[in-house]
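Asker: Got a structure here, written out as structure tokens. Questions coming.
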Amino acid sequence: MADNTNSTGQAMKRMVIGIAALVVASALLYFVASDGFYLWAKAIHVIAVISWMAGMLYLPRLFVYHADAEKGSAQSETFKVMERRLLRAIINPAMIATWVFGLWLAWKGFAFHGGWLHAKIALVLVLSGLHGYLAGAVRKFAEDKNEKPARHWRIVNEIPTLLLIVIVILVVVKPF
């Protein structure tokens with residue numbers, strides 16, 4: 001367990017360093033190239049969204065297999081490490097970056113106007129709620145307290161995909 005704790009500490013340290021580097025790089029871009037910062041912010045936002053969605057699509061799939069693994073088995077313990085690292089090192093920082101840059105873009109580019117933008121933000125709130133639900137599931141799996149069957153996680157695995165499709169349509173088509 002000590003090795004696992006040390007590994008978690010190192011992962012957290014790398015995550016904090018990564019977020020700090022993103023903040024510093026963003027600040028430098030903003031002050032050095034303020035005229036072109038909007039495009040940089042948009043690029044960072046898209047990268048963060050892709051990272052967040054990759055994790056949101058993969059985590060419930062891990063739960064599908066973890067739900068069928070015997071509690072306390074080596075396989076179950078491996079899933080616990082994978083789930084925790086995915087959540088802490090990829091999904092959480094990507095969600096934070098998505099929100100920070102997305103809100104800045106909504107303010108700077110659209111002054112928070114547009115029905116499509118309001119619908120998009122509402123759906124991103126739903127996605128964030130799902131994120132919280134999955135984070136709670138990571139804790140339950142870590143404590144061997146998951147009571148949901150693999151079928152439940154197969155269904156949950158489809159929710160981020162549906163949200164992604166509608167959000168992309170709203171952003172690209174701007175139907176209202």
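Each chain in the structure tokens gets a letter, A, B, ..., in the order shown, and its residues are numbered from 1; ligands are numbered from 1 in order too.
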Going by DSSP on the backbone, which bits of chain A are alpha helix (DSSP H)? Write them as a PyMOL selection string, please.

Answerer: chain A and resi 2-32+37-68+74-85+92-110+115-142+150-156+159-173

Asker: Compile the contact shell of A:Lys148 as JSON, numbers by chain: residues with an atom at most 10 Å away, counting only C-alpha atoms, same-chain residues fewer than 2 positions apart removed.

Answerer: {"A": [63, 64, 67, 137, 141, 145, 146, 150, 151, 152, 153]}

Asker: Residues near A:Arg14, anyone? I mean within 12 Å using only C-alpha atoms, not counting same-chain ones fewer than 3 positions away, as a PyMOL selection string.

Answerer: chain A and resi 7-11+17-21+85+88-90+93

Asker: For the residues selected in the previous step, produce a file with all heavy atoms as an mmCIF file, in the first residue's frame.

Answerer:
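Saved result, result_19.cif, follows:
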data_model
loop_
_atom_site.group_PDB
_atom_site.id
_atom_site.type_symbol
_atom_site.label_atom_id
_atom_site.label_comp_id
_atom_site.auth_asym_id
_atom_site.auth_seq_id
_atom_site.Cartn_x
_atom_site.Cartn_y
_atom_site.Cartn_z
ATOM 1 N N SER A 7 2.951 6.349 -5.329
ATOM 2 C CA SER A 7 2.607 6.519 -6.732
ATOM 3 C C SER A 7 1.510 7.573 -6.897
ATOM 4 O O SER A 7 1.557 8.394 -7.811
ATOM 5 C CB SER A 7 2.143 5.181 -7.309
ATOM 6 O OG SER A 7 1.669 5.347 -8.602
ATOM 7 N N THR A 8 0.527 7.548 -6.003
ATOM 8 C CA THR A 8 -0.549 8.536 -6.045
ATOM 9 C C THR A 8 -0.002 9.931 -5.793
ATOM 10 O O THR A 8 -0.378 10.884 -6.457
ATOM 11 C CB THR A 8 -1.642 8.186 -5.014
ATOM 12 O OG1 THR A 8 -2.155 6.895 -5.325
ATOM 13 C CG2 THR A 8 -2.763 9.196 -5.025
ATOM 14 N N GLY A 9 0.898 10.041 -4.817
ATOM 15 C CA GLY A 9 1.513 11.333 -4.516
ATOM 16 C C GLY A 9 2.281 11.881 -5.706
ATOM 17 O O GLY A 9 2.215 13.074 -6.004
ATOM 18 N N GLN A 10 2.992 11.019 -6.400
ATOM 19 C CA GLN A 10 3.742 11.443 -7.586
ATOM 20 C C GLN A 10 2.797 11.868 -8.704
ATOM 21 O O GLN A 10 3.060 12.855 -9.397
ATOM 22 C CB GLN A 10 4.662 10.323 -8.060
ATOM 23 C CG GLN A 10 5.812 10.057 -7.119
ATOM 24 C CD GLN A 10 6.617 8.834 -7.530
ATOM 25 O OE1 GLN A 10 6.206 8.069 -8.392
ATOM 26 N NE2 GLN A 10 7.764 8.651 -6.894
ATOM 27 N N ALA A 11 1.710 11.138 -8.867
ATOM 28 C CA ALA A 11 0.727 11.489 -9.899
ATOM 29 C C ALA A 11 0.102 12.845 -9.585
ATOM 30 O O ALA A 11 -0.096 13.671 -10.482
ATOM 31 C CB ALA A 11 -0.341 10.408 -10.009
ATOM 32 N N ILE A 17 1.830 20.202 -11.311
ATOM 33 C CA ILE A 17 2.845 20.818 -12.165
ATOM 34 C C ILE A 17 2.277 21.083 -13.559
ATOM 35 O O ILE A 17 2.489 22.151 -14.140
ATOM 36 C CB ILE A 17 4.117 19.938 -12.237
ATOM 37 C CG1 ILE A 17 4.837 19.957 -10.883
ATOM 38 C CG2 ILE A 17 5.043 20.393 -13.364
ATOM 39 C CD1 ILE A 17 5.948 18.932 -10.759
ATOM 40 N N GLY A 18 1.518 20.137 -14.085
ATOM 41 C CA GLY A 18 0.900 20.305 -15.403
ATOM 42 C C GLY A 18 -0.079 21.468 -15.437
ATOM 43 O O GLY A 18 -0.073 22.274 -16.374
ATOM 44 N N ILE A 19 -0.923 21.562 -14.407
ATOM 45 C CA ILE A 19 -1.891 22.659 -14.342
ATOM 46 C C ILE A 19 -1.168 23.985 -14.189
ATOM 47 O O ILE A 19 -1.519 24.974 -14.842
ATOM 48 C CB ILE A 19 -2.907 22.433 -13.201
ATOM 49 C CG1 ILE A 19 -3.834 21.262 -13.560
ATOM 50 C CG2 ILE A 19 -3.728 23.690 -12.937
ATOM 51 C CD1 ILE A 19 -4.751 20.831 -12.440
ATOM 52 N N ALA A 20 -0.136 24.014 -13.339
ATOM 53 C CA ALA A 20 0.638 25.245 -13.154
ATOM 54 C C ALA A 20 1.302 25.663 -14.465
ATOM 55 O O ALA A 20 1.311 26.848 -14.817
ATOM 56 C CB ALA A 20 1.679 25.057 -12.055
ATOM 57 N N ALA A 21 1.840 24.692 -15.199
ATOM 58 C CA ALA A 21 2.473 25.001 -16.479
ATOM 59 C C ALA A 21 1.448 25.560 -17.468
ATOM 60 O O ALA A 21 1.739 26.510 -18.206
ATOM 61 C CB ALA A 21 3.140 23.747 -17.061
ATOM 62 N N ARG A 85 -6.144 6.993 -11.254
ATOM 63 C CA ARG A 85 -5.190 7.782 -12.039
ATOM 64 C C ARG A 85 -5.870 8.484 -13.206
ATOM 65 O O ARG A 85 -5.563 9.632 -13.521
ATOM 66 C CB ARG A 85 -4.054 6.898 -12.534
ATOM 67 C CG ARG A 85 -3.105 6.519 -11.428
ATOM 68 C CD ARG A 85 -1.970 5.699 -11.951
ATOM 69 N NE ARG A 85 -1.047 5.336 -10.868
ATOM 70 C CZ ARG A 85 -0.048 4.503 -11.017
ATOM 71 N NH1 ARG A 85 0.180 3.928 -12.179
ATOM 72 N NH2 ARG A 85 0.736 4.235 -9.993
ATOM 73 N N ARG A 88 -7.885 11.457 -11.643
ATOM 74 C CA ARG A 88 -7.073 12.540 -11.065
ATOM 75 C C ARG A 88 -6.098 13.177 -12.044
ATOM 76 O O ARG A 88 -5.861 14.383 -11.972
ATOM 77 C CB ARG A 88 -6.310 12.023 -9.852
ATOM 78 C CG ARG A 88 -7.206 11.720 -8.688
ATOM 79 C CD ARG A 88 -6.404 11.302 -7.497
ATOM 80 N NE ARG A 88 -7.261 10.999 -6.364
ATOM 81 C CZ ARG A 88 -6.828 10.453 -5.248
ATOM 82 N NH1 ARG A 88 -5.546 10.146 -5.107
ATOM 83 N NH2 ARG A 88 -7.660 10.201 -4.266
ATOM 84 N N ALA A 89 -5.525 12.380 -12.914
ATOM 85 C CA ALA A 89 -4.469 12.910 -13.782
ATOM 86 C C ALA A 89 -4.976 13.424 -15.120
ATOM 87 O O ALA A 89 -4.317 14.250 -15.741
ATOM 88 C CB ALA A 89 -3.402 11.843 -14.017
ATOM 89 N N ILE A 90 -6.137 12.940 -15.568
ATOM 90 C CA ILE A 90 -6.628 13.361 -16.880
ATOM 91 C C ILE A 90 -7.988 14.044 -16.784
ATOM 92 O O ILE A 90 -8.150 15.192 -17.202
ATOM 93 C CB ILE A 90 -6.687 12.165 -17.859
ATOM 94 C CG1 ILE A 90 -5.280 11.623 -18.094
ATOM 95 C CG2 ILE A 90 -7.349 12.569 -19.176
ATOM 96 C CD1 ILE A 90 -5.222 10.346 -18.887
ATOM 97 N N PRO A 93 -8.257 17.497 -14.330
ATOM 98 C CA PRO A 93 -7.604 18.692 -14.899
ATOM 99 C C PRO A 93 -8.213 19.117 -16.233
ATOM 100 O O PRO A 93 -8.342 20.313 -16.510
ATOM 101 C CB PRO A 93 -6.141 18.264 -15.087
ATOM 102 C CG PRO A 93 -5.955 17.075 -14.237
ATOM 103 C CD PRO A 93 -7.287 16.429 -14.093
#

Asker: My list of candidates is A:Ile47, A:Leu105, A:Val173, A:Leu87. Which is closest to A:Leu62 when distances are computed with only C-alpha atoms?

Answerer: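 Using only C-alpha atoms, the shortest distance to A:Leu62 belongs to A:Leu87.
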
Asker: Enter the distance from atom CA of A:Tyr133 to atom CA of A:Pro60, in Å, rounded to one decimal.

Answerer: 10.6 Å

Asker: Tell me which of A:Val166, A:Glu83, A:Val49, A:Leu103 sits closest to A:Arg61, counting only C-alpha atoms.

Answerer: A:Glu83

Asker: For each of A:Leu59, A:Ile167, A:Val172, A:Ala119, take the minimum atom-to-atom distance to A:Leu134, counting only C-alpha atoms, then give the residue where this is smallest.

Answerer: A:Leu59

Asker: Which is closest to A:Ala25 among A:Trp104, A:Tyr58, A:Trp116, A:Phe37, if we use only C-alpha atoms?

Answerer: A:Phe37

Asker: May I ask which of the residues A:Val126, A:Leu39, A:Ala74, A:Leu57 is the closest one to A:Ile155, counting only C-alpha atoms?

Answerer: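 Of all the options, A:Leu57 lies closest to A:Ile155.
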
Asker: Atom CA of A:Met56 and atom CA of A:Leu127 are how many Å apart?

Answerer: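 If I compute the distance from atom CA of A:Met56 to atom CA of A:Leu127, I get 9.0 Å.
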
Asker: Quick one, how far is atom CA of A:Asp35 from atom CA of A:Ala48?

Answerer: 21.7 Å

Asker: Find, counting only C-alpha atoms, the residue in A:Arg84, A:Ala54, A:Ile96, A:Gly102 that gets nearest to A:Lys140.

Answerer: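 The shortest atom-to-atom distance to A:Lys140 comes from A:Arg84.
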